[in-house]
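These notes are about the structure you will find just below.
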There are 2 protein chains.
Amino acid sequence: MESIANTPKPPYYAVIFTADRANVTDGYDEMARQMVEMVQTQPGFLGLETAESRVGILVSYWDSLESIRQWQQHGRHQEARVRGRTEWYSAYKTRICKVEREYGHHH
Amino acid sequence: MESIANTPKPPYYAVIFTADRANVTDGYDEMARQMVEMVQTQPGFLGLETAESRVGILVSYWDSLESIRQWQQHGRHQEARVRGRTEWYSAYKTRICKVEREYGHHH
């Protein structure tokens with residue numbers, strides 16, 4: 001996985017997922033690994049950026065709201081989301097966004 | 001600073017800033033501290049979420065594109081951005097987004 005996602009020219013969509021981890025970590029690493037692997041094979045997936053300090057932030061990029069919906073309804077992903085909500089996260093927020101503009105820089 | 005930003009009901013705006021750090025770190029921590037302090041006093045600022053692993057992700061939330069523009073044109077912030085581009089980051093991307101929907105969960 002690249003560190004800065006190489007996304008196309010806007011508009012496209014972003015899902016910003018921010019979470020506070022709970023004390024329970026059983027099964028988390030394996031599920032997270034599976035999800036990162038699976039999400040990259042989904043139709044309409046454009047890229048992924050992730051970092052974790054006091055809070056975890058995961059931003060995924062998509063070609064359409066329909067692609068986001070498909071991934072959210074994916075069976076294995078739904079299972080991960082239920083376990084996240086009930087076991088691994090004490091709090092989280094998911095924001096669905098339309099990326100309107102982007103700019104950047106590489107040395 | 002809270003870990004998950006307590007933002008209002010959408011729509012509102014998000015700036016997703018993703019960066020790879022360069023080897024130069026002179027002055028970075030002090031500038032980062034100042035920027036985090038200053039951004040929270042800007043008109044239209046709604047919240048901030050930040051995490052750093054292999055890549056650094058900083059998401060700030062705003063009431064309007066105009067508030068984002070004002071902050072980007074702020075003198076001290078412009079100075080920080082120039083130093084970021086020339087000294088502290090080997091690559092970065094800034095994405096301006098409209099947050100259309102959000103949902104979440106607290107235990």
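Every chain in the structure tokens has a letter given in the order shown (A, B, ...), and although residue numbers restart at 1 in each chain, ligands are simply numbered from 1 in the order shown.
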
Exercise for review: Counting only C-alpha atoms, collect the residues of chain A whose closest atom lies at most 6 Å from chain B, and write them out as a VMD selection string.
Suggested key: chain A and resid 3 51 to 53 55 90 to 107

Please write the residues from the selection above to a file, keeping N, CA and C atoms, as a JSON list (two decimals), in the first residue's frame.
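Everything below was put into out28.json:
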```
[["chain", "number", "residue", "atom", "x", "y", "z"],
["A", 3, "SER", "N", 1.75, 5.25, 0.58],
["A", 3, "SER", "CA", 1.41, 6.04, 1.76],
["A", 3, "SER", "C", 0.44, 7.17, 1.43],
["A", 51, "ALA", "N", -3.32, 6.05, 9.29],
["A", 51, "ALA", "CA", -2.34, 6.41, 10.32],
["A", 51, "ALA", "C", -3.00, 6.24, 11.68],
["A", 52, "GLU", "N", -2.18, 5.95, 12.69],
["A", 52, "GLU", "CA", -2.75, 5.78, 14.03],
["A", 52, "GLU", "C", -1.82, 6.38, 15.08],
["A", 53, "SER", "N", -2.37, 7.29, 15.88],
["A", 53, "SER", "CA", -1.65, 7.80, 17.05],
["A", 53, "SER", "C", -2.60, 7.64, 18.22],
["A", 55, "VAL", "N", -5.56, 8.62, 18.09],
["A", 55, "VAL", "CA", -6.76, 8.22, 17.36],
["A", 55, "VAL", "C", -6.32, 7.55, 16.06],
["A", 90, "SER", "N", -14.09, 2.17, 21.15],
["A", 90, "SER", "CA", -14.95, 2.78, 22.17],
["A", 90, "SER", "C", -15.79, 3.88, 21.53],
["A", 91, "ALA", "N", -15.31, 4.44, 20.45],
["A", 91, "ALA", "CA", -16.06, 5.47, 19.72],
["A", 91, "ALA", "C", -15.52, 5.55, 18.29],
["A", 92, "TYR", "N", -16.38, 5.88, 17.35],
["A", 92, "TYR", "CA", -15.89, 6.08, 15.99],
["A", 92, "TYR", "C", -16.82, 7.02, 15.25],
["A", 93, "LYS", "N", -16.33, 7.57, 14.18],
["A", 93, "LYS", "CA", -17.17, 8.38, 13.31],
["A", 93, "LYS", "C", -16.80, 8.09, 11.86],
["A", 94, "THR", "N", -17.80, 7.96, 11.01],
["A", 94, "THR", "CA", -17.59, 7.75, 9.59],
["A", 94, "THR", "C", -18.19, 8.94, 8.84],
["A", 95, "ARG", "N", -17.40, 9.55, 7.98],
["A", 95, "ARG", "CA", -17.90, 10.69, 7.20],
["A", 95, "ARG", "C", -17.76, 10.39, 5.71],
["A", 96, "ILE", "N", -18.87, 10.57, 4.99],
["A", 96, "ILE", "CA", -18.87, 10.35, 3.54],
["A", 96, "ILE", "C", -18.75, 11.72, 2.87],
["A", 97, "CYS", "N", -17.73, 11.88, 2.04],
["A", 97, "CYS", "CA", -17.40, 13.20, 1.49],
["A", 97, "CYS", "C", -17.23, 13.15, -0.02],
["A", 98, "LYS", "N", -17.51, 14.27, -0.64],
["A", 98, "LYS", "CA", -17.18, 14.44, -2.06],
["A", 98, "LYS", "C", -15.91, 15.28, -2.15],
["A", 99, "VAL", "N", -14.88, 14.74, -2.77],
["A", 99, "VAL", "CA", -13.63, 15.48, -2.93],
["A", 99, "VAL", "C", -13.80, 16.42, -4.12],
["A", 100, "GLU", "N", -13.69, 17.71, -3.87],
["A", 100, "GLU", "CA", -13.97, 18.69, -4.91],
["A", 100, "GLU", "C", -12.70, 19.23, -5.57],
["A", 101, "ARG", "N", -11.61, 19.28, -4.79],
["A", 101, "ARG", "CA", -10.38, 19.87, -5.30],
["A", 101, "ARG", "C", -9.21, 19.17, -4.64],
["A", 102, "GLU", "N", -8.09, 19.03, -5.33],
["A", 102, "GLU", "CA", -6.90, 18.53, -4.65],
["A", 102, "GLU", "C", -5.66, 19.14, -5.26],
["A", 103, "TYR", "N", -4.62, 19.28, -4.46],
["A", 103, "TYR", "CA", -3.33, 19.72, -4.96],
["A", 103, "TYR", "C", -2.26, 19.10, -4.09],
["A", 104, "GLY", "N", -1.03, 19.05, -4.62],
["A", 104, "GLY", "CA", 0.02, 18.39, -3.85],
["A", 104, "GLY", "C", 1.37, 18.70, -4.40],
["A", 105, "HIS", "N", 2.34, 17.96, -3.92],
["A", 105, "HIS", "CA", 3.73, 18.29, -4.21],
["A", 105, "HIS", "C", 4.59, 17.07, -3.94],
["A", 106, "HIS", "N", 5.50, 16.77, -4.86],
["A", 106, "HIS", "CA", 6.52, 15.74, -4.62],
["A", 106, "HIS", "C", 7.87, 16.38, -4.86],
["A", 107, "HIS", "N", 8.82, 16.15, -3.98],
["A", 107, "HIS", "CA", 10.18, 16.66, -4.18],
["A", 107, "HIS", "C", 10.81, 15.98, -5.36]]
```

Using DSSP secondary structure from the backbone, list all helix (DSSP H, G or I) positions within chain A, as a JSON list (two decimals) with all heavy atoms, in the first residue's frame.
```json
[["chain", "number", "residue", "atom", "x", "y", "z"],
["A", 28, "TYR", "N", -8.21, -8.22, 16.28],
["A", 28, "TYR", "CA", -8.21, -6.95, 15.54],
["A", 28, "TYR", "C", -7.18, -6.93, 14.42],
["A", 28, "TYR", "O", -7.52, -6.61, 13.27],
["A", 28, "TYR", "CB", -7.97, -5.77, 16.50],
["A", 28, "TYR", "CG", -7.86, -4.47, 15.76],
["A", 28, "TYR", "CD1", -9.01, -3.78, 15.38],
["A", 28, "TYR", "CD2", -6.62, -3.95, 15.40],
["A", 28, "TYR", "CE1", -8.92, -2.60, 14.66],
["A", 28, "TYR", "CE2", -6.53, -2.77, 14.69],
["A", 28, "TYR", "CZ", -7.68, -2.10, 14.32],
["A", 28, "TYR", "OH", -7.58, -0.94, 13.61],
["A", 29, "ASP", "N", -5.94, -7.26, 14.72],
["A", 29, "ASP", "CA", -4.87, -7.15, 13.73],
["A", 29, "ASP", "C", -5.14, -8.00, 12.49],
["A", 29, "ASP", "O", -4.95, -7.55, 11.36],
["A", 29, "ASP", "CB", -3.52, -7.55, 14.33],
["A", 29, "ASP", "CG", -2.99, -6.50, 15.30],
["A", 29, "ASP", "OD1", -3.55, -5.38, 15.32],
["A", 29, "ASP", "OD2", -2.04, -6.79, 16.04],
["A", 30, "GLU", "N", -5.62, -9.23, 12.73],
["A", 30, "GLU", "CA", -5.89, -10.13, 11.61],
["A", 30, "GLU", "C", -7.05, -9.58, 10.76],
["A", 30, "GLU", "O", -6.99, -9.59, 9.53],
["A", 30, "GLU", "CB", -6.22, -11.53, 12.15],
["A", 30, "GLU", "CG", -6.69, -12.54, 11.12],
["A", 30, "GLU", "CD", -5.71, -12.77, 9.97],
["A", 30, "GLU", "OE1", -4.52, -12.38, 10.11],
["A", 30, "GLU", "OE2", -6.13, -13.30, 8.92],
["A", 31, "MET", "N", -8.11, -9.09, 11.43],
["A", 31, "MET", "CA", -9.25, -8.54, 10.68],
["A", 31, "MET", "C", -8.84, -7.29, 9.92],
["A", 31, "MET", "O", -9.22, -7.10, 8.76],
["A", 31, "MET", "CB", -10.40, -8.23, 11.64],
["A", 31, "MET", "CG", -11.65, -7.73, 10.95],
["A", 31, "MET", "SD", -12.48, -9.00, 9.93],
["A", 31, "MET", "CE", -13.69, -9.63, 11.13],
["A", 32, "ALA", "N", -8.05, -6.42, 10.55],
["A", 32, "ALA", "CA", -7.61, -5.18, 9.90],
["A", 32, "ALA", "C", -6.79, -5.51, 8.65],
["A", 32, "ALA", "O", -6.98, -4.91, 7.59],
["A", 32, "ALA", "CB", -6.78, -4.34, 10.87],
["A", 33, "ARG", "N", -5.92, -6.50, 8.78],
["A", 33, "ARG", "CA", -5.10, -6.93, 7.64],
["A", 33, "ARG", "C", -5.97, -7.43, 6.49],
["A", 33, "ARG", "O", -5.79, -7.07, 5.34],
["A", 33, "ARG", "CB", -4.14, -8.05, 8.11],
["A", 33, "ARG", "CG", -2.96, -8.35, 7.20],
["A", 33, "ARG", "CD", -2.25, -9.64, 7.60],
["A", 33, "ARG", "NE", -3.13, -10.80, 7.63],
["A", 33, "ARG", "CZ", -3.68, -11.38, 6.54],
["A", 33, "ARG", "NH1", -3.43, -10.91, 5.34],
["A", 33, "ARG", "NH2", -4.50, -12.43, 6.67],
["A", 34, "GLN", "N", -6.96, -8.26, 6.85],
["A", 34, "GLN", "CA", -7.88, -8.78, 5.83],
["A", 34, "GLN", "C", -8.67, -7.66, 5.15],
["A", 34, "GLN", "O", -8.87, -7.68, 3.94],
["A", 34, "GLN", "CB", -8.88, -9.76, 6.46],
["A", 34, "GLN", "CG", -8.35, -11.14, 6.69],
["A", 34, "GLN", "CD", -9.43, -12.07, 7.26],
["A", 34, "GLN", "OE1", -10.61, -11.92, 6.94],
["A", 34, "GLN", "NE2", -9.03, -13.00, 8.10],
["A", 35, "MET", "N", -9.14, -6.71, 5.94],
["A", 35, "MET", "CA", -9.96, -5.63, 5.39],
["A", 35, "MET", "C", -9.14, -4.76, 4.43],
["A", 35, "MET", "O", -9.61, -4.38, 3.37],
["A", 35, "MET", "CB", -10.56, -4.76, 6.50],
["A", 35, "MET", "CG", -11.68, -5.43, 7.28],
["A", 35, "MET", "SD", -13.08, -5.94, 6.22],
["A", 35, "MET", "CE", -12.90, -7.73, 6.30],
["A", 36, "VAL", "N", -7.89, -4.44, 4.84],
["A", 36, "VAL", "CA", -7.02, -3.62, 3.99],
["A", 36, "VAL", "C", -6.74, -4.34, 2.67],
["A", 36, "VAL", "O", -6.71, -3.72, 1.60],
["A", 36, "VAL", "CB", -5.70, -3.28, 4.73],
["A", 36, "VAL", "CG1", -4.65, -2.74, 3.76],
["A", 36, "VAL", "CG2", -5.96, -2.28, 5.84],
["A", 37, "GLU", "N", -6.59, -5.66, 2.74],
["A", 37, "GLU", "CA", -6.35, -6.45, 1.54],
["A", 37, "GLU", "C", -7.61, -6.48, 0.65],
["A", 37, "GLU", "O", -7.54, -6.23, -0.55],
["A", 37, "GLU", "CB", -6.00, -7.87, 1.98],
["A", 37, "GLU", "CG", -5.14, -8.65, 1.02],
["A", 37, "GLU", "CD", -4.70, -9.96, 1.67],
["A", 37, "GLU", "OE1", -3.68, -9.95, 2.39],
["A", 37, "GLU", "OE2", -5.41, -10.98, 1.51],
["A", 38, "MET", "N", -8.76, -6.75, 1.27],
["A", 38, "MET", "CA", -10.01, -6.88, 0.53],
["A", 38, "MET", "C", -10.48, -5.58, -0.10],
["A", 38, "MET", "O", -10.99, -5.57, -1.22],
["A", 38, "MET", "CB", -11.13, -7.39, 1.45],
["A", 38, "MET", "CG", -11.15, -8.90, 1.59],
["A", 38, "MET", "SD", -12.54, -9.39, 2.67],
["A", 38, "MET", "CE", -13.92, -8.67, 1.76],
["A", 39, "VAL", "N", -10.34, -4.48, 0.65],
["A", 39, "VAL", "CA", -10.89, -3.22, 0.15],
["A", 39, "VAL", "C", -10.23, -2.83, -1.17],
["A", 39, "VAL", "O", -10.88, -2.25, -2.06],
["A", 39, "VAL", "CB", -10.76, -2.08, 1.20],
["A", 39, "VAL", "CG1", -9.32, -1.63, 1.38],
["A", 39, "VAL", "CG2", -11.65, -0.90, 0.86],
["A", 65, "LEU", "N", -20.64, 7.03, -4.88],
["A", 65, "LEU", "CA", -21.36, 6.66, -3.66],
["A", 65, "LEU", "C", -21.83, 5.21, -3.75],
["A", 65, "LEU", "O", -21.89, 4.50, -2.75],
["A", 65, "LEU", "CB", -22.56, 7.59, -3.44],
["A", 65, "LEU", "CG", -22.21, 9.04, -3.10],
["A", 65, "LEU", "CD1", -23.48, 9.90, -3.09],
["A", 65, "LEU", "CD2", -21.51, 9.12, -1.74],
["A", 66, "GLU", "N", -22.16, 4.77, -4.96],
["A", 66, "GLU", "CA", -22.61, 3.40, -5.15],
["A", 66, "GLU", "C", -21.50, 2.39, -4.79],
["A", 66, "GLU", "O", -21.78, 1.38, -4.13],
["A", 66, "GLU", "CB", -23.09, 3.19, -6.60],
["A", 66, "GLU", "CG", -23.61, 1.79, -6.91],
["A", 66, "GLU", "CD", -24.70, 1.29, -5.96],
["A", 66, "GLU", "OE1", -25.45, 2.14, -5.40],
["A", 66, "GLU", "OE2", -24.81, 0.06, -5.77],
["A", 67, "SER", "N", -20.27, 2.67, -5.15],
["A", 67, "SER", "CA", -19.15, 1.78, -4.80],
["A", 67, "SER", "C", -18.96, 1.74, -3.28],
["A", 67, "SER", "O", -18.68, 0.67, -2.71],
["A", 67, "SER", "CB", -17.86, 2.25, -5.45],
["A", 67, "SER", "OG", -17.94, 2.15, -6.86],
["A", 68, "ILE", "N", -19.13, 2.88, -2.63],
["A", 68, "ILE", "CA", -19.01, 2.93, -1.16],
["A", 68, "ILE", "C", -20.10, 2.06, -0.54],
["A", 68, "ILE", "O", -19.85, 1.26, 0.37],
["A", 68, "ILE", "CB", -19.14, 4.39, -0.65],
["A", 68, "ILE", "CG1", -17.93, 5.22, -1.13],
["A", 68, "ILE", "CG2", -19.27, 4.43, 0.87],
["A", 68, "ILE", "CD1", -18.06, 6.72, -0.88],
["A", 69, "ARG", "N", -21.32, 2.19, -1.05],
["A", 69, "ARG", "CA", -22.44, 1.41, -0.53],
["A", 69, "ARG", "C", -22.21, -0.09, -0.70],
["A", 69, "ARG", "O", -22.44, -0.88, 0.20],
["A", 69, "ARG", "CB", -23.73, 1.84, -1.25],
["A", 69, "ARG", "CG", -25.01, 1.32, -0.64],
["A", 69, "ARG", "CD", -26.22, 2.16, -1.05],
["A", 69, "ARG", "NE", -26.05, 2.75, -2.38],
["A", 69, "ARG", "CZ", -26.17, 4.05, -2.65],
["A", 69, "ARG", "NH1", -26.45, 4.92, -1.71],
["A", 69, "ARG", "NH2", -26.02, 4.48, -3.89],
["A", 70, "GLN", "N", -21.71, -0.47, -1.86],
["A", 70, "GLN", "CA", -21.43, -1.89, -2.13],
["A", 70, "GLN", "C", -20.43, -2.46, -1.11],
["A", 70, "GLN", "O", -20.62, -3.55, -0.58],
["A", 70, "GLN", "CB", -20.85, -2.08, -3.54],
["A", 70, "GLN", "CG", -21.83, -1.84, -4.67],
["A", 70, "GLN", "CD", -22.93, -2.89, -4.72],
["A", 70, "GLN", "OE1", -22.72, -4.04, -4.35],
["A", 70, "GLN", "NE2", -24.12, -2.50, -5.17],
["A", 71, "TRP", "N", -19.38, -1.71, -0.86],
["A", 71, "TRP", "CA", -18.36, -2.16, 0.09],
["A", 71, "TRP", "C", -18.93, -2.23, 1.51],
["A", 71, "TRP", "O", -18.65, -3.16, 2.26],
["A", 71, "TRP", "CB", -17.13, -1.26, 0.01],
["A", 71, "TRP", "CG", -16.11, -1.47, 1.10],
["A", 71, "TRP", "CD1", -15.63, -0.51, 1.95],
["A", 71, "TRP", "CD2", -15.42, -2.68, 1.45],
["A", 71, "TRP", "NE1", -14.70, -1.05, 2.81],
["A", 71, "TRP", "CE2", -14.55, -2.39, 2.52],
["A", 71, "TRP", "CE3", -15.47, -3.98, 0.96],
["A", 71, "TRP", "CZ2", -13.73, -3.34, 3.12],
["A", 71, "TRP", "CZ3", -14.65, -4.94, 1.56],
["A", 71, "TRP", "CH2", -13.80, -4.62, 2.62],
["A", 72, "GLN", "N", -19.76, -1.27, 1.87],
["A", 72, "GLN", "CA", -20.35, -1.29, 3.21],
["A", 72, "GLN", "C", -21.29, -2.48, 3.39],
["A", 72, "GLN", "O", -21.50, -2.94, 4.51],
["A", 72, "GLN", "CB", -21.08, 0.02, 3.50],
["A", 72, "GLN", "CG", -20.07, 1.17, 3.74],
["A", 72, "GLN", "CD", -20.73, 2.50, 4.01],
["A", 72, "GLN", "OE1", -21.87, 2.72, 3.62],
["A", 72, "GLN", "NE2", -20.02, 3.39, 4.68],
["A", 73, "GLN", "N", -21.87, -2.95, 2.29],
["A", 73, "GLN", "CA", -22.80, -4.08, 2.38],
["A", 73, "GLN", "C", -22.11, -5.43, 2.18],
["A", 73, "GLN", "O", -22.77, -6.48, 2.28],
["A", 73, "GLN", "CB", -23.93, -3.89, 1.35],
["A", 73, "GLN", "CG", -24.88, -2.78, 1.79],
["A", 73, "GLN", "CD", -25.86, -2.40, 0.70],
["A", 73, "GLN", "OE1", -25.85, -2.97, -0.38],
["A", 73, "GLN", "NE2", -26.72, -1.43, 0.99],
["A", 75, "GLY", "N", -20.43, -8.76, 2.91],
["A", 75, "GLY", "CA", -20.63, -9.61, 4.09],
["A", 75, "GLY", "C", -19.50, -9.59, 5.10],
["A", 75, "GLY", "O", -19.70, -9.36, 6.29],
["A", 76, "ARG", "N", -18.30, -9.81, 4.63],
["A", 76, "ARG", "CA", -17.14, -9.87, 5.52],
["A", 76, "ARG", "C", -16.87, -8.49, 6.15],
["A", 76, "ARG", "O", -16.47, -8.40, 7.30],
["A", 76, "ARG", "CB", -15.92, -10.34, 4.70],
["A", 76, "ARG", "CG", -14.69, -10.61, 5.51],
["A", 76, "ARG", "CD", -14.78, -11.89, 6.32],
["A", 76, "ARG", "NE", -13.52, -12.17, 7.00],
["A", 76, "ARG", "CZ", -13.43, -12.59, 8.26],
["A", 76, "ARG", "NH1", -14.51, -12.79, 8.97],
["A", 76, "ARG", "NH2", -12.24, -12.83, 8.80],
["A", 77, "HIS", "N", -17.12, -7.43, 5.39],
["A", 77, "HIS", "CA", -16.93, -6.08, 5.91],
["A", 77, "HIS", "C", -17.99, -5.76, 6.98],
["A", 77, "HIS", "O", -17.69, -5.15, 8.00],
["A", 77, "HIS", "CB", -17.00, -5.07, 4.76],
["A", 77, "HIS", "CG", -16.67, -3.65, 5.17],
["A", 77, "HIS", "ND1", -17.19, -2.56, 4.56],
["A", 77, "HIS", "CD2", -15.85, -3.18, 6.16],
["A", 77, "HIS", "CE1", -16.73, -1.46, 5.15],
["A", 77, "HIS", "NE2", -15.91, -1.80, 6.10],
["A", 78, "GLN", "N", -19.21, -6.21, 6.77],
["A", 78, "GLN", "CA", -20.27, -6.00, 7.77],
["A", 78, "GLN", "C", -19.91, -6.69, 9.08],
["A", 78, "GLN", "O", -20.10, -6.14, 10.15],
["A", 78, "GLN", "CB", -21.60, -6.53, 7.23],
["A", 78, "GLN", "CG", -22.20, -5.60, 6.20],
["A", 78, "GLN", "CD", -23.70, -5.76, 6.08],
["A", 78, "GLN", "OE1", -24.22, -6.87, 6.19],
["A", 78, "GLN", "NE2", -24.40, -4.67, 5.87],
["A", 79, "GLU", "N", -19.38, -7.88, 8.96],
["A", 79, "GLU", "CA", -18.93, -8.63, 10.14],
["A", 79, "GLU", "C", -17.84, -7.84, 10.89],
["A", 79, "GLU", "O", -17.89, -7.69, 12.11],
["A", 79, "GLU", "CB", -18.38, -9.97, 9.65],
["A", 79, "GLU", "CG", -18.06, -11.00, 10.70],
["A", 79, "GLU", "CD", -17.37, -12.22, 10.06],
["A", 79, "GLU", "OE1", -17.76, -12.63, 8.94],
["A", 79, "GLU", "OE2", -16.42, -12.75, 10.68],
["A", 80, "ALA", "N", -16.89, -7.29, 10.12],
["A", 80, "ALA", "CA", -15.82, -6.49, 10.73],
["A", 80, "ALA", "C", -16.39, -5.25, 11.41],
["A", 80, "ALA", "O", -15.96, -4.87, 12.50],
["A", 80, "ALA", "CB", -14.80, -6.08, 9.65],
["A", 81, "ARG", "N", -17.38, -4.64, 10.78],
["A", 81, "ARG", "CA", -17.96, -3.42, 11.34],
["A", 81, "ARG", "C", -18.70, -3.70, 12.65],
["A", 81, "ARG", "O", -18.63, -2.92, 13.60],
["A", 81, "ARG", "CB", -18.90, -2.76, 10.33],
["A", 81, "ARG", "CG", -18.12, -2.18, 9.14],
["A", 81, "ARG", "CD", -19.03, -1.80, 8.00],
["A", 81, "ARG", "NE", -19.76, -0.57, 8.28],
["A", 81, "ARG", "CZ", -20.86, -0.21, 7.65],
["A", 81, "ARG", "NH1", -21.40, -0.99, 6.73],
["A", 81, "ARG", "NH2", -21.45, 0.92, 7.94],
["A", 82, "VAL", "N", -19.41, -4.82, 12.70],
["A", 82, "VAL", "CA", -20.11, -5.19, 13.94],
["A", 82, "VAL", "C", -19.11, -5.45, 15.05],
["A", 82, "VAL", "O", -19.27, -4.95, 16.17],
["A", 82, "VAL", "CB", -21.01, -6.43, 13.72],
["A", 82, "VAL", "CG1", -21.51, -6.97, 15.05],
["A", 82, "VAL", "CG2", -22.19, -6.08, 12.81],
["A", 83, "ARG", "N", -18.04, -6.18, 14.74],
["A", 83, "ARG", "CA", -17.03, -6.45, 15.78],
["A", 83, "ARG", "C", -16.35, -5.15, 16.20],
["A", 83, "ARG", "O", -16.04, -4.97, 17.39],
["A", 83, "ARG", "CB", -15.99, -7.47, 15.29],
["A", 83, "ARG", "CG", -16.59, -8.86, 15.13],
["A", 83, "ARG", "CD", -15.52, -9.93, 15.06],
["A", 83, "ARG", "NE", -14.76, -10.05, 16.30],
["A", 83, "ARG", "CZ", -13.68, -10.82, 16.45],
["A", 83, "ARG", "NH1", -13.25, -11.53, 15.43],
["A", 83, "ARG", "NH2", -13.06, -10.88, 17.60],
["A", 84, "GLY", "N", -16.10, -4.26, 15.27],
["A", 84, "GLY", "CA", -15.50, -2.96, 15.60],
["A", 84, "GLY", "C", -16.37, -2.20, 16.59],
["A", 84, "GLY", "O", -15.90, -1.72, 17.63],
["A", 85, "ARG", "N", -17.66, -2.15, 16.28],
["A", 85, "ARG", "CA", -18.62, -1.39, 17.09],
["A", 85, "ARG", "C", -18.77, -1.99, 18.48],
["A", 85, "ARG", "O", -18.91, -1.28, 19.46],
["A", 85, "ARG", "CB", -19.98, -1.43, 16.38],
["A", 85, "ARG", "CG", -20.84, -0.25, 16.60],
["A", 85, "ARG", "CD", -21.84, -0.10, 15.47],
["A", 85, "ARG", "NE", -22.60, -1.33, 15.22],
["A", 85, "ARG", "CZ", -22.92, -1.78, 14.00],
["A", 85, "ARG", "NH1", -22.52, -1.14, 12.93],
["A", 85, "ARG", "NH2", -23.63, -2.88, 13.86],
["A", 86, "THR", "N", -18.74, -3.32, 18.57],
["A", 86, "THR", "CA", -19.03, -3.98, 19.84],
["A", 86, "THR", "C", -17.78, -4.34, 20.64],
["A", 86, "THR", "O", -17.85, -4.51, 21.85],
["A", 86, "THR", "CB", -19.86, -5.27, 19.61],
["A", 86, "THR", "OG1", -19.12, -6.11, 18.71],
["A", 86, "THR", "CG2", -21.21, -4.95, 19.01],
["A", 87, "GLU", "N", -16.62, -4.46, 19.96],
["A", 87, "GLU", "CA", -15.43, -4.93, 20.66],
["A", 87, "GLU", "C", -14.24, -3.98, 20.62],
["A", 87, "GLU", "O", -13.66, -3.66, 21.65],
["A", 87, "GLU", "CB", -14.95, -6.27, 20.07],
["A", 87, "GLU", "CG", -15.93, -7.43, 20.24],
["A", 87, "GLU", "CD", -15.39, -8.68, 19.57],
["A", 87, "GLU", "OE1", -14.22, -9.07, 19.83],
["A", 87, "GLU", "OE2", -16.11, -9.28, 18.73],
["A", 88, "TRP", "N", -13.86, -3.55, 19.40],
["A", 88, "TRP", "CA", -12.54, -2.91, 19.24],
["A", 88, "TRP", "C", -12.51, -1.40, 19.39],
["A", 88, "TRP", "O", -11.45, -0.82, 19.62],
["A", 88, "TRP", "CB", -11.96, -3.28, 17.87],
["A", 88, "TRP", "CG", -11.75, -4.74, 17.67],
["A", 88, "TRP", "CD1", -11.19, -5.62, 18.56],
["A", 88, "TRP", "CD2", -12.07, -5.51, 16.52],
["A", 88, "TRP", "NE1", -11.16, -6.88, 18.02],
["A", 88, "TRP", "CE2", -11.68, -6.84, 16.77],
["A", 88, "TRP", "CE3", -12.64, -5.21, 15.27],
["A", 88, "TRP", "CZ2", -11.85, -7.86, 15.83],
["A", 88, "TRP", "CZ3", -12.81, -6.21, 14.35],
["A", 88, "TRP", "CH2", -12.42, -7.52, 14.63]]
```

Exercise for review: Would you mind writing down, as a ChimeraX atom specification, each residue of chain B that DSSP on the backbone assigns to strand (DSSP E)?
Suggested key: /B:12-21,45-52,56-62,89-106

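Candidate residues A:Gly47, A:His74, A:Arg21, A:Gly27 were compared for distance to Trp62 in chain A, and the nearest is A:Gly47, using only C-alpha atoms.
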
Point to revise | Atom pair CA of Lys9 in chain A / CA of Thr41 in chain A: separation (Å) | key: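 A separation of 20.6 Å between them.
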